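Listing of model28.cif; format and content: mmCIF, C-alpha atoms.
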data_upload
loop_
_atom_site.label_atom_id
_atom_site.label_comp_id
_atom_site.auth_asym_id
_atom_site.auth_seq_id
_atom_site.Cartn_x
_atom_site.Cartn_y
_atom_site.Cartn_z
CA MET A 199 19.78 -36.52 37.60
CA THR A 200 22.33 -34.37 35.84
CA ARG A 201 26.01 -33.77 36.51
CA LYS A 202 25.17 -30.27 37.72
CA GLU A 203 22.62 -31.62 40.20
CA LEU A 204 25.20 -34.05 41.54
CA TYR A 205 27.69 -31.20 41.84
CA TYR A 206 25.25 -28.99 43.80
CA MET A 207 24.34 -31.87 46.10
CA GLU A 208 28.03 -32.60 46.64
CA LEU A 209 28.44 -28.97 47.70
CA ALA A 210 25.58 -29.44 50.19
CA LYS A 211 27.23 -32.62 51.49
CA THR A 212 30.55 -30.81 51.83
CA ALA A 213 28.84 -27.96 53.69
CA ALA A 214 27.35 -30.54 56.09
CA GLN A 215 30.88 -31.47 57.13
CA GLN A 216 31.15 -28.01 58.76
CA SER A 217 28.49 -28.97 61.30
CA LYS A 218 29.80 -29.58 64.80
CA ASP A 219 26.75 -31.65 65.72
CA PRO A 220 28.14 -35.17 66.23
CA SER A 221 24.86 -36.96 65.50
CA THR A 222 23.24 -34.96 62.69
CA LYS A 223 25.11 -33.25 59.88
CA VAL A 224 22.94 -31.45 57.33
CA GLY A 225 24.09 -29.21 54.50
CA SER A 226 22.38 -27.07 51.90
CA CYS A 227 23.20 -25.19 48.73
CA ILE A 228 21.07 -22.48 47.08
CA VAL A 229 21.41 -22.24 43.30
CA LYS A 230 19.86 -19.90 40.73
CA ASP A 231 20.47 -19.81 36.99
CA GLY A 232 23.44 -22.18 37.34
CA LYS A 233 25.13 -20.00 39.97
CA VAL A 234 25.73 -21.07 43.56
CA LEU A 235 24.37 -18.30 45.79
CA SER A 236 24.96 -19.67 49.27
CA LEU A 237 25.81 -22.67 51.43
CA GLY A 238 24.61 -23.58 54.91
CA TRP A 239 24.90 -26.29 57.56
CA ASN A 240 23.19 -27.03 60.85
CA GLY A 241 24.73 -25.64 64.00
CA PRO A 242 24.44 -23.04 66.73
CA PRO A 243 24.41 -19.32 65.97
CA ARG A 244 27.91 -17.95 65.34
CA ALA A 245 27.77 -15.77 68.47
CA ILE A 246 27.32 -18.76 70.82
CA ASP A 247 30.41 -20.53 72.10
CA ASP A 248 30.16 -24.16 70.91
CA SER A 249 31.21 -25.38 74.35
CA LEU A 250 27.88 -24.09 75.72
CA VAL A 251 25.83 -26.29 73.36
CA PRO A 252 24.79 -29.70 74.74
CA PHE A 253 25.20 -31.39 71.33
CA THR A 254 24.71 -34.90 72.69
CA CYS A 255 21.45 -34.29 74.59
CA ARG A 256 18.46 -35.33 72.48
CA ASP A 257 16.25 -36.02 75.50
CA THR A 258 13.20 -33.78 75.03
CA THR A 259 12.03 -34.44 78.60
CA LYS A 260 14.96 -32.43 79.97
CA PRO A 261 14.76 -28.63 80.35
CA LEU A 262 15.19 -26.81 77.01
CA LYS A 263 18.51 -25.28 78.07
CA GLU A 264 19.93 -28.82 78.45
CA GLN A 265 18.76 -30.06 75.02
CA LYS A 266 20.62 -29.46 71.76
CA TYR A 267 17.55 -28.54 69.68
CA PRO A 268 16.96 -24.97 70.91
CA TYR A 269 20.53 -24.06 69.94
CA ILE A 270 20.61 -25.43 66.40
CA VAL A 271 19.99 -23.31 63.31
CA HIS A 272 18.99 -25.56 60.40
CA ALA A 273 21.10 -25.75 57.25
CA GLU A 274 18.38 -24.18 55.08
CA MET A 275 18.09 -21.14 57.36
CA ASN A 276 21.86 -20.80 57.60
CA ALA A 277 22.14 -20.82 53.80
CA VAL A 278 19.61 -17.97 53.66
CA LEU A 279 21.33 -16.08 56.49
CA ASN A 280 24.77 -16.62 54.89
CA TYR A 281 23.61 -15.06 51.62
CA GLY A 282 25.11 -11.59 51.24
CA GLY A 283 22.65 -10.15 48.75
CA SER A 284 19.00 -9.23 48.73
CA LEU A 285 16.54 -11.94 49.72
CA LEU A 286 14.71 -11.08 46.50
CA ASP A 287 17.62 -12.71 44.66
CA LEU A 288 16.52 -16.06 46.15
CA VAL A 289 13.11 -15.98 44.43
CA ASP A 290 12.85 -18.86 41.92
CA SER A 291 16.06 -20.48 43.14
CA THR A 292 16.60 -24.17 43.89
CA LEU A 293 17.63 -25.50 47.28
CA TYR A 294 19.76 -28.65 47.41
CA VAL A 295 19.72 -30.12 50.90
CA THR A 296 20.99 -33.39 52.34
CA VAL A 297 17.84 -33.93 54.46
CA SER A 298 14.35 -32.76 53.47
CA PRO A 299 13.25 -29.57 55.26
CA CYS A 300 11.27 -29.53 58.49
CA HIS A 301 8.00 -27.61 58.50
CA ASP A 302 9.60 -24.45 59.96
CA CYS A 303 12.19 -24.35 57.18
CA ALA A 304 9.45 -25.13 54.66
CA LYS A 305 7.54 -22.03 55.81
CA MET A 306 10.65 -19.93 55.34
CA LEU A 307 11.25 -21.37 51.85
CA CYS A 308 7.64 -20.64 50.92
CA GLN A 309 8.03 -17.06 52.13
CA LEU A 310 11.18 -16.70 50.00
CA LYS A 311 9.40 -18.14 46.94
CA ILE A 312 12.03 -20.82 46.36
CA LYS A 313 10.92 -22.74 43.26
CA GLU A 314 12.32 -26.22 43.99
CA VAL A 315 13.72 -28.32 46.81
CA VAL A 316 15.98 -31.28 45.98
CA TYR A 317 16.92 -33.56 48.87
CA LEU A 318 18.84 -36.80 49.53
CA GLU A 319 17.10 -38.22 52.61
CA GLU A 320 13.66 -37.72 54.10
CA TYR A 321 13.38 -35.89 57.41
CA GLN A 322 13.27 -38.44 60.24
CA ARG A 323 9.91 -37.27 61.60
CA SER A 324 7.54 -38.26 58.82
CA GLU A 325 4.63 -36.17 60.13
CA MET A 326 6.79 -33.03 59.86
CA TRP A 327 7.91 -33.95 56.34
CA GLU A 328 4.27 -34.50 55.36
CA MET A 329 3.49 -30.99 56.63
CA SER A 330 6.44 -29.60 54.69
CA LYS A 331 5.20 -31.25 51.49
CA TYR A 332 1.71 -29.89 52.11
CA LEU A 333 3.11 -26.36 52.50
CA PHE A 334 5.18 -26.76 49.33
CA ASP A 335 2.11 -28.01 47.44
CA CYS A 336 0.08 -25.01 48.66
CA CYS A 337 2.80 -22.60 47.52
CA GLY A 338 3.67 -24.27 44.20
CA ILE A 339 7.16 -25.34 45.25
CA SER A 340 8.29 -28.56 43.61
CA TYR A 341 10.28 -31.08 45.63
CA ARG A 342 11.98 -34.33 44.81
CA LYS A 343 14.43 -36.83 46.13
CA LEU A 344 17.71 -36.97 44.24
CA GLU A 345 18.53 -40.58 43.50
CA GLU A 346 22.30 -41.03 43.47
#
As structure tokens, what does this structure read like?
Amino acid sequence: MTRKELYYMELAKTAAQQSKDPSTKVGSCIVKDGKVLSLGWNGPPRAIDDSLVPFTCRDTTKPLKEQKYPYIVHAEMNAVLNYGGSLLDLVDSTLYVTVSPCHDCAKMLCQLKIKEVVYLEEYQRSEMWEMSKYLFDCCGISYRKLEE
């Protein structure tokens, strides 16, 4: 691990602090050629009033409208959506993220042709993380855990 890698991961960790989700705070940082392109964190879309989001409900047996999950945009997607340039600029970039990507975010990263994913913690649902790794392997995206 290099000083620069630690710096980029610290930016991702700082971005995570912007999340209003009390139980899960995830941040991400997209870097290319030593330049930070974008930051993102998990949370509801900007147009939704935070008071309408049931942040504390993780009970998947309740109706979707009462759960937090349908409202949350993942940190990786927010970093992409926060980027002000062309999505082509993200090709061959590196994503630093505090928690490894779910399979939906992995599909997006494959589509963008991200070259590497560096993460701190593994996604809590191991089956989803296994699927993410499989997608990355199929698309030639390298991934690794950053040991602090």
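Between atom CA of A:Tyr317 and atom CA of A:Ala214 there is a distance of 13.0 Å.
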Legend entry - Answer key for the PyMOL selection byres ((chain A and resi 291) around 12), residues as a PyMOL selection string: chain A and resi 227-236+278+285-290+292-294+307-308+310-316+339-340
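Nearest residue to A:Ala245, choosing from A:Ala277, A:Tyr332, A:Pro261, A:Tyr269 and counting all atoms listed in the file: A:Tyr269.
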Inset, instruction - Considering all atoms listed in the file, return as an NGL selection string whatever protein or nucleic-acid residues lie within 10 Å of A:Thr254, sequence-local ones (same chain, fewer than 3 positions apart) excluded. - result: :A and (219-221 or 251 or 257 or 264-266)
Legend entry - Resolved residues for the PyMOL selection byres ((chain A and resi 215) around 12) as an MDAnalysis selection string: chainID A and resid 208:214 216:226 237:241 273 296
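Minimum atom-to-atom distance to A:Ile246, evaluated using all atoms listed in the file, belongs to A:Val271 out of A:Cys336, A:Lys260, A:Val271, A:Tyr321.
All residues of protein, DNA or RNA that reach within 10 Å of A:Cys300, judged by only C-alpha atoms and not counting those fewer than 2 positions away in the chain, are A:His272, A:Glu274, A:Val297, A:Ser298, A:Asp302, A:Cys303, A:Ala304, A:Lys305, A:Glu320, A:Tyr321, A:Gln322, A:Arg323, A:Ser324, A:Glu325, A:Met326, A:Trp327, A:Glu328, A:Met329, A:Ser330, A:Lys331.
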Residues as selected, C-alpha atoms, written as a compact mmCIF listing (two decimals), in the coordinates of the input, can you do that?
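Result file selection20.txt:
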# COMPACT_ATOMS: atom_id res chain seq x y z
CA HIS A 272 18.99 -25.56 60.40
CA GLU A 274 18.38 -24.18 55.08
CA VAL A 297 17.84 -33.93 54.46
CA SER A 298 14.35 -32.76 53.47
CA ASP A 302 9.60 -24.45 59.96
CA CYS A 303 12.19 -24.35 57.18
CA ALA A 304 9.45 -25.13 54.66
CA LYS A 305 7.54 -22.03 55.81
CA GLU A 320 13.66 -37.72 54.10
CA TYR A 321 13.38 -35.89 57.41
CA GLN A 322 13.27 -38.44 60.24
CA ARG A 323 9.91 -37.27 61.60
CA SER A 324 7.54 -38.26 58.82
CA GLU A 325 4.63 -36.17 60.13
CA MET A 326 6.79 -33.03 59.86
CA TRP A 327 7.91 -33.95 56.34
CA GLU A 328 4.27 -34.50 55.36
CA MET A 329 3.49 -30.99 56.63
CA SER A 330 6.44 -29.60 54.69
CA LYS A 331 5.20 -31.25 51.49
Inset, instruction - Dig up all the protein and nucleic acid residues within 10 Å of (24.4, -43.3, 45.1) in the file frame, using only C-alpha atoms, and format them as a ChimeraX atom specification. - result: /A:204,318,344-346
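The closest residue to A:Gln309, picked from A:Tyr341, A:Phe334, A:Tyr206, A:Tyr267 and counting all atoms listed in the file, is A:Phe334.
We find atom CA of A:Ser284 and atom CA of A:Pro299 to be spaced 22.1 Å apart.
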Legend entry - Using only C-alpha atoms: which of A:Met207, A:Pro252, A:Asp335, A:Leu262 has the shortest distance to A:Glu319: A:Met207
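Atom CA of A:Tyr281 is found 17.1 Å from atom CA of A:Pro242.
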